[in-house]
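upload_3.cif (mmCIF, C-alpha atoms)
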```
data_coords
loop_
_atom_site.label_atom_id
_atom_site.label_comp_id
_atom_site.auth_asym_id
_atom_site.auth_seq_id
_atom_site.Cartn_x
_atom_site.Cartn_y
_atom_site.Cartn_z
CA MET A 1 44.72 -29.53 -35.63
CA LYS A 2 41.78 -31.46 -37.15
CA TYR A 3 41.88 -35.22 -36.94
CA TYR A 4 39.61 -38.13 -37.78
CA ILE A 5 39.26 -41.62 -36.31
CA ILE A 6 38.38 -44.11 -39.02
CA ASP A 7 37.68 -47.84 -38.75
CA SER A 8 39.40 -49.54 -41.70
CA PHE A 9 38.35 -52.83 -43.33
CA ALA A 10 34.93 -52.58 -41.73
CA ASP A 11 31.40 -51.77 -42.87
CA GLU A 12 30.30 -50.54 -39.43
CA VAL A 13 31.93 -48.78 -36.49
CA PHE A 14 33.51 -50.78 -33.67
CA LYS A 15 34.85 -53.27 -36.20
CA GLY A 16 37.98 -53.25 -38.32
CA ASN A 17 41.09 -51.37 -37.24
CA PRO A 18 40.81 -47.80 -35.91
CA THR A 19 43.28 -45.17 -37.12
CA ALA A 20 43.67 -41.53 -36.19
CA VAL A 21 44.37 -39.39 -39.27
CA CYS A 22 45.75 -35.86 -38.93
CA ILE A 23 45.61 -33.76 -42.12
CA LEU A 24 48.29 -31.11 -41.62
CA GLU A 25 48.35 -27.59 -43.01
CA LYS A 26 52.07 -27.25 -42.19
CA ASN A 27 54.83 -29.68 -41.23
CA ILE A 28 55.41 -30.55 -37.59
CA SER A 29 58.35 -32.36 -35.99
CA HIS A 30 58.47 -36.14 -35.79
CA GLU A 31 58.90 -35.74 -32.03
CA LEU A 32 55.53 -33.99 -31.85
CA MET A 33 53.99 -36.64 -34.12
CA GLN A 34 55.23 -39.34 -31.75
CA ASN A 35 53.86 -37.51 -28.71
CA ILE A 36 50.44 -37.18 -30.37
CA ALA A 37 50.47 -40.89 -31.25
CA MET A 38 51.32 -41.73 -27.62
CA GLU A 39 48.47 -39.52 -26.41
CA ASN A 40 45.99 -41.06 -28.87
CA ASN A 41 47.12 -44.53 -27.76
CA ILE A 42 45.55 -46.46 -30.63
CA SER A 43 47.43 -48.77 -32.95
CA GLU A 44 48.30 -46.12 -35.56
CA THR A 45 48.18 -42.36 -35.89
CA VAL A 46 48.84 -41.06 -39.41
CA PHE A 47 50.01 -37.59 -40.36
CA THR A 48 49.58 -36.39 -43.93
CA ILE A 49 50.33 -33.17 -45.76
CA LYS A 50 49.86 -32.24 -49.41
CA ASN A 51 53.03 -32.19 -51.52
CA GLY A 52 52.33 -31.18 -55.13
CA ASN A 53 49.65 -33.52 -56.46
CA ASN A 54 50.39 -36.18 -53.84
CA TYR A 55 50.34 -36.41 -50.05
CA ASP A 56 53.29 -37.21 -47.80
CA VAL A 57 52.40 -39.65 -45.02
CA TYR A 58 53.99 -40.69 -41.74
CA TRP A 59 52.80 -43.63 -39.61
CA PHE A 60 53.28 -43.81 -35.86
CA THR A 61 52.35 -46.41 -33.29
CA PRO A 62 52.23 -45.25 -29.65
CA LYS A 63 55.82 -46.54 -29.42
CA CYS A 64 57.60 -45.69 -32.69
CA GLU A 65 57.41 -44.66 -36.35
CA ILE A 66 56.95 -47.53 -38.84
CA ASP A 67 57.59 -47.87 -42.57
CA PHE A 68 54.16 -48.97 -43.82
CA CYS A 69 50.70 -49.73 -42.46
CA GLY A 70 47.99 -51.09 -44.75
CA HIS A 71 44.90 -50.24 -42.70
CA ALA A 72 46.27 -46.73 -42.12
CA VAL A 73 46.70 -46.24 -45.88
CA LEU A 74 43.02 -46.99 -46.32
CA ALA A 75 42.13 -44.65 -43.44
CA VAL A 76 44.16 -41.71 -44.73
CA ALA A 77 42.67 -42.18 -48.20
CA TYR A 78 39.19 -42.14 -46.67
CA ALA A 79 39.97 -38.90 -44.80
CA ILE A 80 41.48 -37.17 -47.84
CA LEU A 81 38.80 -38.23 -50.33
CA ASN A 82 35.90 -37.44 -48.00
CA PHE A 83 37.17 -34.20 -46.46
CA ALA A 84 40.22 -32.65 -48.17
CA GLU A 85 39.60 -33.73 -51.80
CA LYS A 86 35.83 -34.32 -51.88
CA HIS A 87 35.56 -34.20 -55.67
CA SER A 88 38.31 -36.76 -56.33
CA ASN A 89 38.09 -40.55 -56.45
CA GLU A 90 41.84 -41.17 -56.34
CA VAL A 91 44.78 -40.09 -54.21
CA SER A 92 48.50 -40.91 -54.32
CA LEU A 93 50.62 -41.08 -51.19
CA ASN A 94 54.38 -40.56 -50.97
CA THR A 95 55.68 -43.25 -48.61
CA LYS A 96 58.93 -44.99 -47.74
CA GLU A 97 57.65 -47.86 -49.92
CA GLY A 98 57.25 -45.51 -52.90
CA ILE A 99 54.11 -43.89 -54.31
CA LEU A 100 50.91 -45.72 -53.34
CA THR A 101 47.70 -44.95 -55.21
CA ILE A 102 44.27 -45.53 -53.66
CA ARG A 103 41.08 -45.54 -55.73
CA LYS A 104 37.57 -45.02 -54.36
CA LYS A 105 34.98 -47.27 -56.03
CA ASP A 106 31.58 -46.67 -54.44
CA ASP A 107 32.19 -47.64 -50.78
CA ILE A 108 35.35 -49.66 -51.48
CA TYR A 109 38.87 -48.23 -51.26
CA GLU A 110 41.40 -50.11 -53.38
CA MET A 111 45.13 -49.61 -52.94
CA ASP A 112 48.30 -50.77 -54.61
CA THR A 113 50.52 -52.31 -51.95
CA PRO A 114 54.02 -53.68 -51.51
CA ASN A 115 54.55 -57.37 -52.18
CA TYR A 116 56.98 -58.71 -49.58
CA ASP A 117 59.52 -61.32 -50.58
CA LEU A 118 59.31 -64.21 -48.12
CA LYS A 119 61.96 -66.80 -47.30
CA PRO A 120 61.32 -70.12 -45.53
CA ILE A 121 62.73 -70.36 -42.02
CA GLU A 122 63.25 -73.26 -39.65
CA ILE A 123 60.29 -74.24 -37.52
CA THR A 124 61.99 -73.97 -34.15
CA SER A 125 60.68 -74.89 -30.71
CA ASP A 126 60.30 -71.15 -30.06
CA ILE A 127 58.01 -70.76 -33.08
CA ILE A 128 55.89 -73.70 -31.95
CA GLU A 129 55.73 -72.27 -28.43
CA ALA A 130 54.90 -68.82 -29.85
CA ILE A 131 51.76 -70.29 -31.47
CA GLY A 132 50.77 -71.93 -28.20
CA GLY A 133 52.14 -75.38 -28.96
CA ILE A 134 50.90 -75.70 -32.55
CA LYS A 135 53.45 -76.82 -35.13
CA PRO A 136 52.83 -74.88 -38.38
CA LEU A 137 52.96 -76.43 -41.83
CA GLY A 138 55.54 -73.78 -42.76
CA ALA A 139 57.19 -70.63 -41.43
CA TYR A 140 58.45 -67.69 -43.50
CA ILE A 141 59.98 -64.27 -42.97
CA GLY A 142 59.88 -60.97 -44.85
CA ARG A 143 59.49 -57.85 -42.74
CA ASP A 144 57.31 -60.07 -40.51
CA ILE A 145 57.09 -63.76 -39.66
CA VAL A 146 54.23 -65.73 -41.22
CA CYS A 147 53.25 -69.21 -40.00
CA VAL A 148 50.86 -71.25 -42.12
CA LEU A 149 48.62 -73.52 -40.04
CA GLU A 150 46.62 -76.57 -41.04
CA ASP A 151 43.16 -74.99 -41.00
CA GLU A 152 41.15 -71.96 -39.94
CA ASN A 153 40.13 -73.50 -36.61
CA GLN A 154 43.76 -73.69 -35.52
CA VAL A 155 44.15 -70.00 -36.37
CA ILE A 156 40.99 -68.96 -34.52
CA ASN A 157 41.66 -71.06 -31.41
CA ALA A 158 45.42 -70.50 -31.06
CA LYS A 159 46.66 -69.07 -27.75
CA PRO A 160 49.93 -67.36 -28.67
CA ASN A 161 52.74 -66.67 -26.25
CA LEU A 162 53.47 -62.95 -26.63
CA GLU A 163 56.68 -63.06 -24.60
CA ILE A 164 58.14 -65.65 -26.97
CA ILE A 165 56.96 -63.65 -30.01
CA LYS A 166 58.91 -60.64 -28.70
CA LYS A 167 62.12 -62.69 -28.92
CA LEU A 168 61.60 -63.81 -32.54
CA ASP A 169 62.85 -62.04 -35.65
CA GLY A 170 60.53 -59.82 -37.66
CA LEU A 171 58.30 -56.91 -36.71
CA LEU A 172 54.90 -58.63 -36.57
CA PHE A 173 53.88 -62.27 -36.17
CA HIS A 174 51.06 -63.70 -38.32
CA ILE A 175 49.29 -67.04 -38.22
CA THR A 176 47.16 -67.87 -41.23
CA SER A 177 45.42 -70.61 -43.17
CA ASP A 178 43.32 -71.01 -46.26
CA VAL A 179 39.70 -71.95 -45.51
CA LYS A 180 38.95 -75.66 -45.80
CA ASP A 181 35.20 -75.49 -45.11
CA LYS A 182 34.16 -73.73 -48.33
CA GLU A 183 30.48 -74.64 -48.08
CA ASN A 184 29.93 -72.86 -44.76
CA ASN A 185 32.41 -70.02 -45.15
CA LYS A 186 32.42 -66.99 -47.47
CA TYR A 187 36.13 -66.32 -46.89
CA ASP A 188 39.22 -67.73 -48.58
CA SER A 189 41.73 -67.18 -45.78
CA VAL A 190 41.73 -66.56 -42.03
CA THR A 191 44.51 -64.69 -40.24
CA ARG A 192 45.49 -63.36 -36.83
CA THR A 193 48.32 -60.89 -36.22
CA PHE A 194 50.33 -60.11 -33.10
CA GLY A 195 52.57 -57.10 -32.46
CA PRO A 196 53.96 -57.16 -28.91
CA LYS A 197 57.15 -55.42 -30.13
CA LEU A 198 54.91 -52.43 -30.93
CA ASP A 199 52.95 -52.71 -27.66
CA VAL A 200 49.98 -54.14 -29.60
CA ASP A 201 49.08 -57.61 -28.37
CA GLU A 202 46.72 -58.52 -31.23
CA VAL A 203 46.33 -56.31 -34.30
CA ASP A 204 42.68 -55.68 -35.18
CA VAL A 205 43.21 -55.89 -38.97
CA CYS A 206 46.59 -55.89 -40.68
CA GLY A 207 46.90 -54.71 -44.28
CA SER A 208 50.70 -54.95 -44.37
CA GLY A 209 50.44 -58.48 -42.99
CA HIS A 210 48.36 -59.45 -45.98
CA CYS A 211 51.15 -58.07 -48.19
CA HIS A 212 53.05 -61.07 -46.83
CA ILE A 213 50.22 -63.57 -46.58
CA ILE A 214 48.42 -63.21 -49.92
CA PRO A 215 51.53 -63.66 -52.14
CA LEU A 216 52.41 -66.74 -50.08
CA LEU A 217 48.95 -68.33 -50.21
CA SER A 218 48.54 -67.37 -53.87
CA LYS A 219 51.60 -69.43 -54.81
CA LYS A 220 50.56 -72.35 -52.64
CA LEU A 221 46.96 -72.46 -53.90
CA ASN A 222 47.47 -71.12 -57.44
CA LYS A 223 44.78 -68.55 -56.70
CA ASP A 224 44.64 -64.82 -57.55
CA TYR A 225 41.68 -63.41 -55.59
CA PHE A 226 41.07 -63.74 -51.85
CA VAL A 227 38.35 -62.54 -49.54
CA ALA A 228 40.49 -62.48 -46.41
CA PHE A 229 39.08 -62.55 -42.88
CA GLN A 230 41.00 -61.17 -39.90
CA ALA A 231 39.85 -63.19 -36.90
CA SER A 232 40.63 -60.59 -34.23
CA PRO A 233 38.02 -59.70 -31.58
CA ARG A 234 36.91 -56.72 -33.75
CA THR A 235 37.19 -58.71 -37.04
CA GLY A 236 37.81 -57.28 -40.50
CA VAL A 237 37.51 -58.15 -44.19
CA LEU A 238 40.05 -57.47 -46.95
CA TYR A 239 39.56 -58.00 -50.69
CA CYS A 240 42.93 -59.00 -52.14
CA ASN A 241 43.95 -59.51 -55.76
CA ILE A 242 47.38 -60.52 -57.04
CA LYS A 243 48.29 -60.78 -60.73
CA ASN A 244 51.71 -60.73 -62.37
CA ASN A 245 53.24 -60.21 -58.93
CA LYS A 246 51.22 -56.98 -58.45
CA LEU A 247 49.08 -56.88 -55.31
CA THR A 248 46.03 -54.76 -54.58
CA ILE A 249 44.14 -54.76 -51.29
CA ALA A 250 40.70 -53.22 -50.90
CA GLY A 251 38.21 -52.69 -48.12
CA LYS A 252 35.48 -50.56 -46.66
CA ALA A 253 35.90 -47.90 -43.97
CA CYS A 254 33.70 -46.10 -41.44
CA LEU A 255 34.07 -42.71 -39.80
CA TYR A 256 33.93 -42.89 -36.00
CA CYS A 257 34.65 -39.27 -35.10
CA VAL A 258 35.92 -35.86 -36.18
CA SER A 259 37.84 -33.98 -33.50
CA GLU A 260 40.37 -31.24 -32.77
CA ILE A 261 43.85 -31.44 -31.24
CA PHE A 262 44.98 -28.33 -29.35
CA ILE A 263 48.77 -27.99 -29.56
#
```
What do you get writing this file as structure tokens?
Amino acid sequence: MKYYIIDSFADEVFKGNPTAVCILEKNISHELMQNIAMENNISETVFTIKNGNNYDVYWFTPKCEIDFCGHAVLAVAYAILNFAEKHSNEVSLNTKEGILTIRKKDDIYEMDTPNYDLKPIEITSDIIEAIGGIKPLGAYIGRDIVCVLEDENQVINAKPNLEIIKKLDGLLFHITSDVKDKENNKYDSVTRTFGPKLDVDEVDVCGSGHCHIIPLLSKKLNKDYFVAFQASPRTGVLYCNIKNNKLTIAGKACLYCVSEIFI
């Protein structure tokens, strides 16, 4: 079985978020998919197979199957458009969130994404402790928890408590802020993401997290376009646009390796 490791939301290898993409010629069991993801032991392994004009996709962490993964959408689109469908600049994926279309524009991959509905939640002592003692300006929940901090320095320097995060509601835990220092910064927002429930301490770059964050910051700042920076050790950049409640997220991707799985 051919598979590709692709760094999403990065313009060079060893940055962004790595994803293993397996382009299948025939269906395999979800049990085998999970075993392959465990063996790969990176944040996401994606399996895709052509179904009519579209591709079915399945996302697995080393621990479990998940419903949606933004950086893995970009990675699977990169693999399909550069290897399986070399003469196409667009691919549509059948997912649990519906049909997602990704467009290749030069070296940028732009995708339609879900727009999570967020509700405010109480800022509890556990939430403050989860962020390492920082009280956020606001806390919200959709699929994940999002905490908005005062500025980008708080986001970058936070020392989260992963054991407390495990006890909170939501799948992932995000801390974010808009950028105050506009003169010395080319980004509009800074985010970090933590996923101890998925055995991922800090997520390298989180596309689905920005499906929570960008709609929230857009309403707060009355702003449609964001160059979003993920302040993980590997770092990553996302180009996000939201208009009329429709969200697109775009980014670059780099091929790290092409390999073969022997099953």
Open item on the list: I'd like to know which of A:Ile261, A:Val203, A:Val190, A:Val91 is closest to A:Cys69, using only C-alpha atoms.
Closed with: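 The answer is A:Val203, which sits nearest to A:Cys69.
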Task: Point-to-point distance from atom CA of A:Leu238 to atom CA of A:Pro215, Å rounded to tenths - done: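 Between these atoms lies a distance of 14.0 Å.
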Which residues fall under the PyMOL selection byres ((chain A and resi 244) around 12) in this file, as a PDB file with C-alpha atoms, in the frame of the given file?
```
ATOM      1  CA  ASN A 115      54.550 -57.370 -52.180  1.00  0.00           C
ATOM      2  CA  PRO A 215      51.530 -63.660 -52.140  1.00  0.00           C
ATOM      3  CA  SER A 218      48.540 -67.370 -53.870  1.00  0.00           C
ATOM      4  CA  LYS A 219      51.600 -69.430 -54.810  1.00  0.00           C
ATOM      5  CA  LYS A 223      44.780 -68.550 -56.700  1.00  0.00           C
ATOM      6  CA  ASP A 224      44.640 -64.820 -57.550  1.00  0.00           C
ATOM      7  CA  ASN A 241      43.950 -59.510 -55.760  1.00  0.00           C
ATOM      8  CA  ILE A 242      47.380 -60.520 -57.040  1.00  0.00           C
ATOM      9  CA  LYS A 243      48.290 -60.780 -60.730  1.00  0.00           C
ATOM     10  CA  ASN A 245      53.240 -60.210 -58.930  1.00  0.00           C
ATOM     11  CA  LYS A 246      51.220 -56.980 -58.450  1.00  0.00           C
ATOM     12  CA  LEU A 247      49.080 -56.880 -55.310  1.00  0.00           C
ATOM     13  CA  THR A 248      46.030 -54.760 -54.580  1.00  0.00           C
TER      14      THR A 248
END
```
Task: Explicit residue set for the PyMOL selection byres ((chain A and resi 172) around 6), as a list of chain:residue names - done: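 Checked against the file, the PyMOL selection byres ((chain A and resi 172) around 6) matches A:Asp144, A:Gly170, A:Leu171, A:Phe173, A:Phe194, A:Gly195.
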Open item on the list: Report as a PyMOL selection string all protein, DNA and RNA residues lying within 7 Å of stretch 154-168 of chain A, evaluated on all atoms listed in the file, omitting residues in the same chain fewer than 2 positions from it.
Closed with: chain A and resi 126+129-132+149-152+170+175-177+191-192+196-197+231
TODO: Let me know the residues the PyMOL selection byres ((chain A and resi 58) around 6) catches in the file above, as a list in words.
DONE: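 In the shown coordinates, the PyMOL selection byres ((chain A and resi 58) around 6) covers Val46, Phe47, Val57 and Trp59 of chain A.
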- [ ] Excluding A:Gly138 and residues on its chain fewer than 2 positions from it, collect all residues at most 6 Å away from it, counting only C-alpha atoms, and give them as a list in words.
- [x] Pro136, Cys147 and Val148 of chain A
Open item on the list: To one decimal place in Å, what is the distance between atom CA of A:Asp188 and atom CA of A:Ile102?
Closed with: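 So the two atoms, atom CA of A:Asp188 and atom CA of A:Ile102, lie 23.3 Å apart.
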TODO: Kindly indicate which residue among A:Leu74, A:Met1, A:Leu255, A:Ile49 lies nearest to A:Cys206, using all atoms listed in the file for the distances.
DONE: A:Leu74
Open item on the list: I want to know what sits within 6 Å of A:Asn17, based on only C-alpha atoms, with residues of the same chain fewer than 6 positions away left out; could you give that as a list of chain:residue names?
Closed with: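 The contact residues come out as A:Asp7, A:Ser8, A:Asp204, A:Val205.
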Open item on the list: as an NGL selection string, please: the residues near A:Cys257 (cut-off 7 Å, only C-alpha atoms, same-chain neighbours under 2 positions excluded).
Closed with: :A and (4-5 or 255 or 259)
- [ ] Please measure the separation of atom CA of A:Ser189 and atom CA of A:Ala228, giving the value in Å to one decimal.
- [x] 4.9 Å
Task: Contacts of stretch 22-28 of chain A at 12 Å (all atoms listed in the file; same-chain gap of 6+ positions) as a PyMOL selection string - done: chain A and resi 1-6+34-37+40+44-51+55-60+72+75-85+258-261+263
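Nearest to A:Ser208 of all the residues A:Lys180, A:His71, A:Lys15, A:Lys104 is A:His71, based on all atoms listed in the file.
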- [ ] For each of A:Lys135, A:Arg234, A:Lys252, A:Lys119, take the minimum atom-to-atom distance to A:Leu216, counting only C-alpha atoms, then give the residue where this is smallest.
- [x]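 Among the listed residues, the smallest separation from A:Leu216 belongs to A:Lys119.
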